[in-house]
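K.L.:
Just dropping this structure here.
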Amino acid sequence: MGPIMLDVAGTSLSAEDKELLAHPLVGGLILFSRNYENPEQIAALNEDIRMSSAKQPDKEILIAVDHEGGRVQRFREHFSALPAMGKLWDMAGQSEAKAIELANYAGQLMAMEVMSVSIDISFAPVVDVDGISDVIGDRAFSSDPKRVEALARGFVRGMHSVGMKCTAKHFPGHGSVKEDSHFGLPVDKRLKAEILGFDMEPFRQLMTGGFVNAVMPAHVIYPEIDDKSVGFSTFWLQEVLRGQLGFNGVIFSDDLSMEGAASIGGFVERSEAAQQAGCDMLLVCNNRDAAIDVIDNANIGVIDTSTQRIKSMLSTTQFRYEQLPQLAEWQTAKQALGIG
């Protein structure tokens, strides 16, 4: 599986889309709201994506979406309206046991619905600690690192119980910096001890025993630790994440077309720097010219260890959207979360 994850513009594939999906460097595709009309259409689109990709022998493609709940939920009509994760604590009457149970049901429900239309993963959960960041806000479970860890663990258990792998984001924590990395480059000037002992703590706790399958780093610079943003930093990805935390899962870059990535240079430079730093899969989204530029000109390759890691994220669960109402887990999760 190639290291590039790209996107498509519409609700069906163009000739150019099909050509790109068959390229050996393309190993993933991320879906957005613009790709969705209804469950039948998105399932058909995903089958077409898989067929177009499979023109290369033995090639499989990883299909992903950002479907967290609350304001980040790409498919709305005919999908359950998942609550924002920051709302679960109050929904549970501020009972930790109940909040963990609701998080478990939310992870389960999200994963079942997303997988039922032939998508492998949702980039979830958000393991950031809620602080001053507007772009994170109630996407985070809590402003308390211990509670973030407990609820994120419940959510991931729900995902795992129905066969979806998880992606913890945005390592080592995006909640304590104001600027939105979609539009600028956030710089978090706090002391190393505070970042590692507070923001990174939920990630550290969740890493034990191979519980977390994948990580997406933040486009944030922590100058007290390194002068590069995390997704381009060998120190963060190799020394801290792989070395100190013993993480052996997939590292997805955050979208390389975000403004937070621009400090490295153009798209070719960004993709080369991200792979050299240790990212297994490089997201180049919402900019087709950039994706083609990277495919044609970047000095990046298919790395066997990365390929094996990415393959491990593929869904093995086989059920269709129209079968969901017959599944007791789906009914129970919706009822528990108060979703009609």
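Scheme for the structure tokens: letters A, B, ... for chains in order shown; per-chain residue numbers from 1; ligand numbers from 1 in order shown.
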Compile the contact shell of Ala43 in chain A as a PyMOL selection string: residues with an atom at most 9 Å away, counting only C-alpha atoms, same-chain residues fewer than 6 positions apart removed.
P.N.:
chain A and resi 116-119+320-321
K.L.:
Run DSSP on the backbone of this structure and report the residues of range 208-308 of chain A it assigns to strand (DSSP E or B), as number ranges by chain.
P.N.:
A: 214-217, 221, 250-252, 281-283
K.L.:
Can you write just those residues out, N, CA and C atoms, as a short mmCIF file (atom, residue, chain, number, x, y, z; two decimals), in the first residue's frame?
P.N.:
```
data_model
loop_
_atom_site.label_atom_id
_atom_site.label_comp_id
_atom_site.auth_asym_id
_atom_site.auth_seq_id
_atom_site.Cartn_x
_atom_site.Cartn_y
_atom_site.Cartn_z
N ALA A 214 -3.48 3.62 15.78
CA ALA A 214 -2.88 4.66 14.94
C ALA A 214 -2.91 5.98 15.68
N VAL A 215 -2.03 6.89 15.24
CA VAL A 215 -1.92 8.22 15.84
C VAL A 215 -1.84 9.24 14.72
N MET A 216 -2.48 10.39 14.93
CA MET A 216 -2.32 11.52 14.02
C MET A 216 -1.70 12.67 14.81
N PRO A 217 -0.50 13.12 14.40
CA PRO A 217 0.16 14.21 15.13
C PRO A 217 -0.45 15.58 14.84
N ILE A 221 3.96 23.55 16.72
CA ILE A 221 5.37 23.59 17.14
C ILE A 221 5.42 23.84 18.65
N VAL A 250 0.22 2.78 13.26
CA VAL A 250 0.33 3.68 12.11
C VAL A 250 0.44 5.13 12.57
N ILE A 251 1.33 5.89 11.93
CA ILE A 251 1.36 7.35 12.11
C ILE A 251 0.83 7.97 10.82
N PHE A 252 -0.36 8.59 10.91
CA PHE A 252 -0.93 9.34 9.79
C PHE A 252 -0.50 10.79 9.93
N MET A 281 1.64 7.24 6.55
CA MET A 281 0.72 7.64 5.49
C MET A 281 0.59 9.14 5.49
N LEU A 282 0.60 9.73 4.28
CA LEU A 282 0.64 11.17 4.10
C LEU A 282 -0.68 11.63 3.51
N LEU A 283 -1.40 12.50 4.22
CA LEU A 283 -2.69 13.00 3.74
C LEU A 283 -2.48 14.27 2.92
#
```
K.L.:
Using only C-alpha atoms, what table do you get, as a Markdown table, when you list each residue of range 3-104 of chain A with an atom no more than 6 Å from range 143-165 of chain A, its nearest pair of atoms, and their distance in Å rounded to one decimal, rows by chain then rising number?
P.N.:
```
| residue | atom | partner | partner_atom | distance |
| --- | --- | --- | --- | --- |
| A:Ile100 | CA | A:Leu151 | CA | 5.0 |
| A:Ala103 | CA | A:Phe155 | CA | 4.6 |
| A:Asn104 | CA | A:Phe155 | CA | 4.3 |
```
K.L.:
Using only C-alpha atoms, which residue out of A:Ser271, A:Asn299, A:Asn46, A:Ser263 lies closest to Val284 in chain A?
P.N.:
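Ranking A:Ser271, A:Asn299, A:Asn46, A:Ser263 by distance to Val284 in chain A, first place goes to A:Ser271.
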K.L.:
Between range 62-169 of chain A and range 6-11 of chain A, at 12 Å or less, what are the per-residue closest atom pairs and their distances in Å? Count only C-alpha atoms, order by chain and rising residue number, and return it as CSV.
P.N.:
```
residue,atom,partner,partner_atom,distance
A:Leu62,CA,A:Leu6,CA,10.5
A:Ile63,CA,A:Asp7,CA,9.8
A:Ala64,CA,A:Asp7,CA,9.8
A:Val65,CA,A:Asp7,CA,10.2
```
K.L.:
Need to verify the contact set: Pro24 in chain A, 12 Å, only C-alpha atoms, exclusion of same-chain residues closer than 5 positions in sequence. Can you return it as a ChimeraX atom specification?
P.N.:
/A:1-5,19,52-61,295-296,300-303,307
K.L.:
Name the residues in contact with His78 in chain A at a cut-off of 9 Å, using only C-alpha atoms, excluding same-chain residues fewer than 3 positions from it; report them as a ChimeraX atom specification.
P.N.:
/A:38-39,75,81
K.L.:
Just to be explicit: take each residue in the selection above, keep C-alpha atoms, and write the result as a compact mmCIF listing (two decimals), in the first residue's frame.
P.N.:
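Written output follows (again00.txt):
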```
# COMPACT_ATOMS: atom_id res chain seq x y z
CA ASN A 38 -27.15 8.88 0.95
CA PRO A 39 -25.96 5.52 2.33
CA PHE A 75 -22.52 12.09 7.01
CA ALA A 81 -26.63 12.36 15.08
```
